[in-house]
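Quick look at entry.cif (mmCIF, C-alpha atoms):
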data_model
#
loop_
_atom_site.label_atom_id
_atom_site.label_comp_id
_atom_site.auth_asym_id
_atom_site.auth_seq_id
_atom_site.Cartn_x
_atom_site.Cartn_y
_atom_site.Cartn_z
CA MET Z 560 -20.59 -25.12 17.23
CA GLU Z 561 -20.68 -21.30 17.10
CA LYS Z 562 -19.33 -20.99 20.62
CA GLU Z 563 -16.78 -23.68 19.84
CA TYR Z 564 -15.28 -21.87 16.84
CA LEU Z 565 -15.33 -18.53 18.65
CA HIS Z 566 -13.51 -20.19 21.52
CA LYS Z 567 -10.95 -21.64 19.09
CA LEU Z 568 -10.35 -18.18 17.62
CA LYS Z 569 -9.89 -16.69 21.07
CA GLU Z 570 -7.29 -19.38 21.82
CA ILE Z 571 -4.97 -18.02 19.11
CA LYS Z 572 -1.91 -16.67 20.90
CA ARG Z 573 -0.09 -13.44 20.20
CA VAL Z 574 3.43 -14.08 18.95
CA GLU Z 575 6.61 -12.03 19.13
CA THR Z 576 7.81 -10.11 16.09
CA PRO Z 577 10.83 -11.77 14.43
CA ASP Z 578 14.10 -10.10 15.59
CA PHE Z 579 15.64 -9.27 12.22
CA LEU Z 580 12.49 -7.59 10.90
CA LEU Z 581 13.53 -4.09 11.97
CA GLU Z 582 16.84 -4.35 10.09
CA ILE Z 583 15.02 -5.32 6.89
CA ILE Z 584 12.54 -2.48 7.37
CA VAL Z 585 15.35 0.07 7.89
CA SER Z 586 17.16 -1.13 4.77
CA LYS Z 587 13.88 -1.01 2.80
CA ILE Z 588 13.29 2.56 3.98
CA ASP Z 589 16.88 3.52 3.05
CA SER Z 590 16.55 2.02 -0.43
CA GLU Z 591 13.19 3.78 -0.77
CA GLU Z 592 14.92 7.07 0.09
CA VAL Z 593 17.74 6.35 -2.40
CA ASN Z 594 15.11 5.68 -5.07
CA GLU Z 595 13.35 8.93 -4.17
CA ASN Z 596 16.67 10.80 -4.48
CA LYS Z 597 17.36 9.10 -7.81
CA LYS Z 598 13.90 10.09 -9.04
CA PHE Z 599 14.57 13.69 -7.94
CA SER Z 600 17.98 13.72 -9.71
CA TYR Z 601 16.46 12.34 -12.91
CA SER Z 602 13.63 14.90 -12.79
CA LEU Z 603 16.16 17.69 -12.19
CA ALA Z 604 18.36 16.51 -15.07
CA PHE Z 605 15.29 16.26 -17.31
CA ALA Z 606 14.16 19.78 -16.34
CA VAL Z 607 17.65 21.22 -17.02
CA ALA Z 608 17.79 19.43 -20.38
CA LEU Z 609 14.33 20.77 -21.25
CA VAL Z 610 15.36 24.36 -20.38
CA PHE Z 611 18.55 23.95 -22.44
CA ILE Z 612 16.59 22.66 -25.45
CA ASN Z 613 14.09 25.51 -25.15
CA VAL Z 614 16.85 28.12 -24.89
CA SER Z 615 18.65 26.70 -27.93
CA ILE Z 616 15.39 26.60 -29.95
CA ILE Z 617 14.62 30.22 -29.04
CA SER Z 618 18.16 31.42 -29.78
CA ASN Z 619 18.11 29.55 -33.11
CA TYR Z 620 14.79 31.19 -33.94
CA LEU Z 621 16.14 34.63 -33.04
CA ASN Z 622 19.24 34.05 -35.22
CA THR Z 623 17.10 32.95 -38.14
CA ASP Z 624 14.94 36.00 -37.62
CA THR Z 625 18.00 38.31 -37.79
CA ASN Z 626 19.19 36.60 -40.99
CA SER Z 627 15.86 37.11 -42.74
CA SER Z 628 15.80 40.79 -41.87
CA SER Z 629 19.30 41.18 -43.34
CA GLN Z 630 18.00 39.39 -46.44
CA GLU Z 631 15.25 41.94 -46.62
CA ILE Z 632 17.86 44.65 -46.69
CA THR Z 633 19.76 42.99 -49.54
CA ASN Z 634 16.64 42.08 -51.49
CA PRO Z 635 15.99 45.50 -52.95
CA TYR Z 636 19.40 45.32 -54.68
CA SER Z 637 18.68 41.99 -56.19
CA PHE Z 638 15.26 43.20 -57.28
CA SER Z 639 16.78 46.19 -59.06
CA THR Z 640 19.30 43.89 -60.74
CA TYR Z 641 16.45 41.68 -61.85
CA THR Z 642 14.62 44.67 -63.25
CA LEU Z 643 17.68 45.69 -65.13
CA ILE Z 644 17.97 42.31 -66.74
CA GLU Z 645 14.30 42.29 -67.59
CA ASN Z 646 14.58 45.62 -69.22
CA GLU Z 647 17.22 44.22 -71.53
CA MET G 305 16.57 8.14 7.95
CA ASN G 306 14.80 11.15 9.48
CA ASN G 307 13.16 11.01 12.93
CA GLU G 308 14.86 7.70 13.59
CA LYS G 309 14.13 7.79 17.32
CA GLN G 310 10.41 8.46 16.82
CA PHE G 311 10.18 5.69 14.26
CA LEU G 312 11.93 3.21 16.58
CA GLU G 313 9.51 4.08 19.37
CA ILE G 314 6.57 3.44 17.04
CA TYR G 315 8.12 0.17 15.89
CA ASN G 316 8.74 -1.02 19.45
CA GLU G 317 5.21 -0.18 20.50
CA PHE G 318 3.26 -1.44 17.49
CA SER G 319 5.33 -4.06 15.63
CA GLN G 320 3.67 -6.91 17.53
CA LEU G 321 0.22 -5.53 16.76
CA VAL G 322 1.01 -5.18 13.04
CA TYR G 323 2.65 -8.62 12.78
CA ASN G 324 -0.15 -10.45 14.62
CA LEU G 325 -2.90 -8.67 12.73
CA SER G 326 -1.14 -9.52 9.45
CA LEU G 327 -0.90 -13.15 10.56
CA ASN G 328 -4.62 -13.20 11.32
CA TYR G 329 -5.42 -11.89 7.84
CA LEU G 330 -2.85 -13.79 5.79
CA GLN G 331 -2.30 -16.92 7.98
CA ASN G 332 1.22 -17.39 6.70
CA ILE G 333 4.48 -16.36 8.41
CA GLU G 334 6.31 -15.22 5.27
CA ASP G 335 3.37 -13.16 4.01
CA ALA G 336 2.88 -11.63 7.46
CA LYS G 337 6.58 -10.68 7.70
CA GLU G 338 6.45 -9.08 4.25
CA ALA G 339 3.25 -7.24 5.14
CA THR G 340 4.75 -5.97 8.45
CA GLN G 341 7.79 -4.63 6.58
CA ASP G 342 5.63 -2.87 4.01
CA VAL G 343 3.31 -1.43 6.66
CA PHE G 344 6.26 0.11 8.54
CA VAL G 345 7.71 1.55 5.33
CA LYS G 346 4.27 3.13 4.73
CA ILE G 347 4.17 4.42 8.31
CA HIS G 348 7.62 5.97 7.84
CA ILE G 349 6.51 7.70 4.64
CA LYS G 350 3.12 8.86 5.96
CA ILE G 351 3.94 9.74 9.57
CA GLU G 352 4.63 13.42 8.76
CA GLY G 353 1.16 13.72 7.24
CA PHE G 354 -0.55 12.04 10.20
CA ASN G 355 -3.11 14.62 11.30
CA LYS G 356 -3.79 13.18 14.79
CA LYS G 357 -7.57 13.24 14.23
CA SER G 358 -7.48 9.65 15.45
CA SER G 359 -5.04 7.94 17.80
CA LEU G 360 -1.78 6.57 16.43
CA LYS G 361 -2.95 3.04 17.24
CA THR G 362 -6.18 3.48 15.25
CA TRP G 363 -4.20 4.93 12.34
CA ILE G 364 -1.79 1.97 12.36
CA TYR G 365 -4.70 -0.48 12.53
CA ARG G 366 -6.21 1.15 9.43
CA ILE G 367 -2.92 1.06 7.48
CA THR G 368 -2.39 -2.61 8.38
CA ILE G 369 -5.96 -3.67 7.53
CA ASN G 370 -5.89 -1.85 4.20
CA HIS G 371 -2.49 -3.27 3.34
CA CYS G 372 -3.51 -6.86 4.17
CA LEU G 373 -6.70 -6.53 2.12
CA ASP G 374 -4.60 -5.19 -0.77
CA VAL G 375 -2.24 -8.17 -0.49
CA ILE G 376 -5.22 -10.56 -0.58
CA LYS G 377 -6.69 -8.75 -3.59
CA SER G 378 -3.41 -8.85 -5.50
CA LYS G 379 -2.96 -12.57 -4.71
CA ASN G 380 -6.49 -13.24 -5.94
CA ARG G 381 -5.81 -11.23 -9.09
CA LYS G 382 -2.70 -13.29 -9.83
CA THR G 383 -4.65 -16.53 -9.37
CA ARG G 384 -7.42 -15.21 -11.62
CA LEU G 385 -4.90 -14.85 -14.45
CA PHE G 386 -4.64 -18.63 -14.58
CA PHE G 387 -7.97 -19.84 -13.25
CA THR G 388 -11.49 -18.49 -13.40
CA ARG G 389 -12.62 -17.81 -9.85
CA GLN G 390 -16.21 -17.94 -8.70
CA HIS G 391 -15.65 -16.04 -5.44
CA GLU G 392 -13.40 -13.34 -4.04
CA ASP G 393 -12.22 -15.63 -1.25
CA TYR G 394 -8.58 -15.87 -0.30
CA ASP G 395 -6.76 -19.18 -0.69
CA VAL G 396 -3.83 -19.43 1.70
CA VAL G 397 -0.90 -21.09 -0.05
CA GLU G 398 0.17 -22.78 3.18
CA PHE G 399 -1.59 -22.35 6.52
CA ASN G 400 1.25 -21.40 8.82
CA HIS G 401 0.04 -19.45 11.85
CA PRO G 402 2.52 -19.60 14.77
CA GLY G 403 -0.17 -18.48 17.23
CA VAL G 404 -2.21 -21.65 16.67
CA GLU G 405 -1.49 -24.75 18.78
CA LEU G 406 -0.39 -27.74 16.76
CA GLU G 407 -3.21 -29.98 18.00
CA SER G 408 -5.93 -27.54 16.93
CA LYS G 409 -4.23 -26.51 13.67
CA GLU G 410 -6.53 -28.45 11.33
CA GLU G 411 -9.65 -27.22 13.09
CA VAL G 412 -8.55 -23.58 13.11
CA LYS G 413 -7.50 -23.85 9.47
CA LYS G 414 -11.07 -24.92 8.60
CA ILE G 415 -12.46 -21.93 10.49
CA PHE G 416 -10.06 -19.57 8.70
CA ASP G 417 -10.99 -21.12 5.34
CA GLU G 418 -14.57 -20.08 6.00
CA ILE G 419 -13.59 -16.63 7.37
CA ASN G 420 -11.61 -16.05 4.16
CA LYS G 421 -14.79 -16.58 2.14
CA LEU G 422 -16.60 -13.75 3.94
CA PRO G 423 -16.90 -10.28 2.36
CA GLU G 424 -14.05 -7.89 3.36
CA LYS G 425 -15.98 -5.89 5.98
CA GLN G 426 -17.49 -8.93 7.70
CA ARG G 427 -14.09 -10.62 7.73
CA THR G 428 -12.45 -7.51 9.22
CA VAL G 429 -15.08 -7.14 11.92
CA LEU G 430 -14.77 -10.80 12.88
CA VAL G 431 -10.95 -10.70 12.99
CA LEU G 432 -10.90 -7.53 15.10
CA LYS G 433 -13.62 -8.72 17.47
CA SER G 434 -13.05 -12.45 17.86
CA ILE G 435 -9.27 -12.72 17.43
CA GLU G 436 -7.85 -9.29 18.29
CA GLY G 437 -10.38 -8.92 21.10
CA LEU G 438 -11.18 -5.26 20.42
CA SER G 439 -14.34 -3.67 21.78
CA GLN G 440 -17.18 -2.74 19.42
CA LYS G 441 -16.49 0.93 20.07
CA GLU G 442 -12.82 0.55 19.09
CA ILE G 443 -13.72 -1.37 15.92
CA ALA G 444 -16.35 1.23 14.96
CA VAL G 445 -13.71 3.99 15.26
CA ILE G 446 -11.14 2.05 13.22
CA LEU G 447 -13.61 1.24 10.43
CA LYS G 448 -15.32 4.66 10.64
CA ILE G 449 -18.79 3.08 10.92
CA LYS G 450 -21.60 3.36 13.45
CA GLU G 451 -21.89 0.76 16.18
CA LYS G 452 -25.30 -0.34 14.86
CA ALA G 453 -23.80 -1.05 11.44
CA LEU G 454 -20.98 -2.91 13.13
CA GLU G 455 -23.39 -5.09 15.10
CA SER G 456 -25.22 -5.98 11.91
CA LEU G 457 -21.96 -6.88 10.12
CA LEU G 458 -20.86 -9.00 13.05
CA SER G 459 -24.13 -10.89 13.34
CA ARG G 460 -24.19 -11.53 9.57
CA ALA G 461 -20.62 -12.84 9.69
CA ARG G 462 -21.39 -15.10 12.64
CA ARG G 463 -24.62 -16.36 11.04
CA THR G 464 -22.77 -17.23 7.82
CA LEU G 465 -20.03 -19.05 9.70
CA LYS G 466 -22.54 -20.90 11.85
CA GLY G 467 -24.23 -22.18 8.70
CA ARG G 468 -20.98 -23.28 7.12
CA LEU G 469 -19.18 -24.85 10.07
#
What is this structure when it is put down as structure tokens?
Amino acid sequence: MEKEYLHKLKEIKRVETPDFLLEIIVSKIDSEEVNENKKFSYSLAFAVALVFINVSIISNYLNTDTNSSSQEITNPYSFSTYTLIENE
Amino acid sequence: MNNEKQFLEIYNEFSQLVYNLSLNYLQNIEDAKEATQDVFVKIHIKIEGFNKKSSLKTWIYRITINHCLDVIKSKNRKTRLFFTRQHEDYDVVEFNHPGVELESKEEVKKIFDEINKLPEKQRTVLVLKSIEGLSQKEIAVILKIKEKALESLLSRARRTLKGRL
């Protein structure tokens, strides 16, 4: 039986590849490349958006920082006013 | 598509090998076509990284074998979602191998049913040796195992089949 089944397996013929297979493969590769490009574009857009958000956060922080230092300059006046009132 | 000419040369030289090997693993025309397409997409993606440590043929054999085994695993996984399986064997939805003569179809199907129940390595060794007709040396290079280990896998596979058929 062993020899029989081995013989049967050896009898299996090699067949030709279907003709249209290459066209499908080429279109699959092209769509794969389009997907890759899309992925790259999305990553680029995400990176740009991230940089923009970071820049705006930092610039906001710097502006807030400038405002507080100007408050510090004005504070002594308000403190003296407060003292004046308290003295009354 | 980059390197179109090189890719076409590879396709012309190896498409028959990939398609027939896929048929011998999956035993279904539609699955083999799908597998051949996917293997060539993989080849196209990976060809730039091919380090030429082995021959191109060996490399393509490895990609095809790994892909077919992945297809079988994923089909088994899908079946397991609905039914509890006792074994890791592969159930072919419809035996449809164009290389098998009509009169011996039922007999060959029975043999493949038993081959599909073998562990992955034994199945691979048997397919490469008994159907693809590769030498033991070639198979050992493809599977990256020693010839002694290969002989043992082959004799275990044959012993199991002998007991079942």
Using all atoms listed in the file, the residue out of G:Lys346, G:Arg427, G:Lys450, G:Arg366 with shortest distance to chain Z is G:Lys346
Could the residues of chain G that have an atom at most 6 Å from chain Z be listed as a tab-separated table, each with its closest atom pair and the distance in Å to one decimal, counting only C-alpha atoms and ordered by chain and ascending residue number?
residue	atom	partner	partner_atom	distance
G:Gln320	CA	Z:Thr576	CA	5.4
G:Gln341	CA	Z:Ile584	CA	5.3
G:Val345	CA	Z:Ile588	CA	5.8
G:Gly403	CA	Z:Lys572	CA	4.4
G:Val404	CA	Z:Ile571	CA	5.2
G:Ile435	CA	Z:Lys569	CA	5.4
G:Lys466	CA	Z:Glu561	CA	5.6
Minimum-distance residue to G:Glu352, chosen among G:Ser408, G:Ser439, G:Asn307, G:Thr368 (using all atoms listed in the file): G:Asn307
Interatomic distance (Å, one decimal) between atom CA of G:Gly467 and atom CA of G:Leu430: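 Separation of atom CA of G:Gly467 and atom CA of G:Leu430: 15.4 Å.
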I want to know what sits within 9 Å of stretch 443-449 of chain G, based on all atoms listed in the file, with residues of the same chain fewer than 3 positions away left out; could you give that as a list in words? Ser358, Thr362, Trp363, Tyr365, Arg366, Lys425, Thr428, Val429, Leu432, Lys433, Leu438, Ser439, Gln440, Lys452, Ala453 and Leu454 of chain G
Separation of atom CA of G:Lys337 from atom CA of G:Leu321 in Å: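 Those two atoms sit 12.2 Å apart.
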From the options G:Ser326, G:Asn332, G:Asn400, G:Ser359, which residue's atoms come nearest to G:Val431, counting only C-alpha atoms? G:Ser326
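Between G:Ser459 and the candidates G:Gln426, G:Lys413, G:Lys357, G:Phe399, the tightest atom-to-atom separation, counting only C-alpha atoms, involves G:Gln426.
Taking atom CA of G:Glu405 and atom CA of G:Gln331 as the two end points, the separation is 13.4 Å.
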N, CA and C atoms restored at stretch 583-599 of chain Z, emitted as a PDB file, keeping the file's coordinate frame:
ATOM      1  N   ILE Z 583      15.522  -5.263   8.275  1.00  0.00           N
ATOM      2  CA  ILE Z 583      15.020  -5.320   6.890  1.00  0.00           C
ATOM      3  C   ILE Z 583      14.206  -4.063   6.593  1.00  0.00           C
ATOM      4  N   ILE Z 584      13.376  -3.664   7.566  1.00  0.00           N
ATOM      5  CA  ILE Z 584      12.540  -2.480   7.370  1.00  0.00           C
ATOM      6  C   ILE Z 584      13.414  -1.240   7.170  1.00  0.00           C
ATOM      7  N   VAL Z 585      14.459  -1.095   8.007  1.00  0.00           N
ATOM      8  CA  VAL Z 585      15.350   0.070   7.890  1.00  0.00           C
ATOM      9  C   VAL Z 585      16.035   0.076   6.525  1.00  0.00           C
ATOM     10  N   SER Z 586      16.499  -1.104   6.074  1.00  0.00           N
ATOM     11  CA  SER Z 586      17.160  -1.130   4.770  1.00  0.00           C
ATOM     12  C   SER Z 586      16.170  -0.853   3.644  1.00  0.00           C
ATOM     13  N   LYS Z 587      14.908  -1.308   3.811  1.00  0.00           N
ATOM     14  CA  LYS Z 587      13.880  -1.010   2.800  1.00  0.00           C
ATOM     15  C   LYS Z 587      13.615   0.491   2.738  1.00  0.00           C
ATOM     16  N   ILE Z 588      13.546   1.115   3.921  1.00  0.00           N
ATOM     17  CA  ILE Z 588      13.290   2.560   3.980  1.00  0.00           C
ATOM     18  C   ILE Z 588      14.452   3.316   3.334  1.00  0.00           C
ATOM     19  N   ASP Z 589      15.711   2.864   3.638  1.00  0.00           N
ATOM     20  CA  ASP Z 589      16.880   3.520   3.050  1.00  0.00           C
ATOM     21  C   ASP Z 589      16.867   3.399   1.528  1.00  0.00           C
ATOM     22  N   SER Z 590      16.554   2.191   1.032  1.00  0.00           N
ATOM     23  CA  SER Z 590      16.550   2.020  -0.430  1.00  0.00           C
ATOM     24  C   SER Z 590      15.423   2.820  -1.062  1.00  0.00           C
ATOM     25  N   GLU Z 591      14.326   2.952  -0.305  1.00  0.00           N
ATOM     26  CA  GLU Z 591      13.190   3.780  -0.770  1.00  0.00           C
ATOM     27  C   GLU Z 591      13.635   5.235  -0.900  1.00  0.00           C
ATOM     28  N   GLU Z 592      14.432   5.686   0.109  1.00  0.00           N
ATOM     29  CA  GLU Z 592      14.920   7.070   0.090  1.00  0.00           C
ATOM     30  C   GLU Z 592      15.909   7.283  -1.048  1.00  0.00           C
ATOM     31  N   VAL Z 593      16.784   6.266  -1.292  1.00  0.00           N
ATOM     32  CA  VAL Z 593      17.740   6.350  -2.400  1.00  0.00           C
ATOM     33  C   VAL Z 593      16.984   6.461  -3.718  1.00  0.00           C
ATOM     34  N   ASN Z 594      15.923   5.631  -3.852  1.00  0.00           N
ATOM     35  CA  ASN Z 594      15.110   5.680  -5.070  1.00  0.00           C
ATOM     36  C   ASN Z 594      14.462   7.044  -5.251  1.00  0.00           C
ATOM     37  N   GLU Z 595      13.971   7.598  -4.121  1.00  0.00           N
ATOM     38  CA  GLU Z 595      13.350   8.930  -4.170  1.00  0.00           C
ATOM     39  C   GLU Z 595      14.368   9.956  -4.652  1.00  0.00           C
ATOM     40  N   ASN Z 596      15.612   9.870  -4.087  1.00  0.00           N
ATOM     41  CA  ASN Z 596      16.670  10.800  -4.480  1.00  0.00           C
ATOM     42  C   ASN Z 596      17.017  10.646  -5.952  1.00  0.00           C
ATOM     43  N   LYS Z 597      17.069   9.360  -6.400  1.00  0.00           N
ATOM     44  CA  LYS Z 597      17.360   9.100  -7.810  1.00  0.00           C
ATOM     45  C   LYS Z 597      16.289   9.733  -8.691  1.00  0.00           C
ATOM     46  N   LYS Z 598      15.021   9.526  -8.277  1.00  0.00           N
ATOM     47  CA  LYS Z 598      13.900  10.090  -9.040  1.00  0.00           C
ATOM     48  C   LYS Z 598      14.044  11.594  -9.136  1.00  0.00           C
ATOM     49  N   PHE Z 599      14.423  12.234  -7.978  1.00  0.00           N
ATOM     50  CA  PHE Z 599      14.570  13.690  -7.940  1.00  0.00           C
ATOM     51  C   PHE Z 599      15.698  14.120  -8.879  1.00  0.00           C
TER      52      PHE Z 599
END
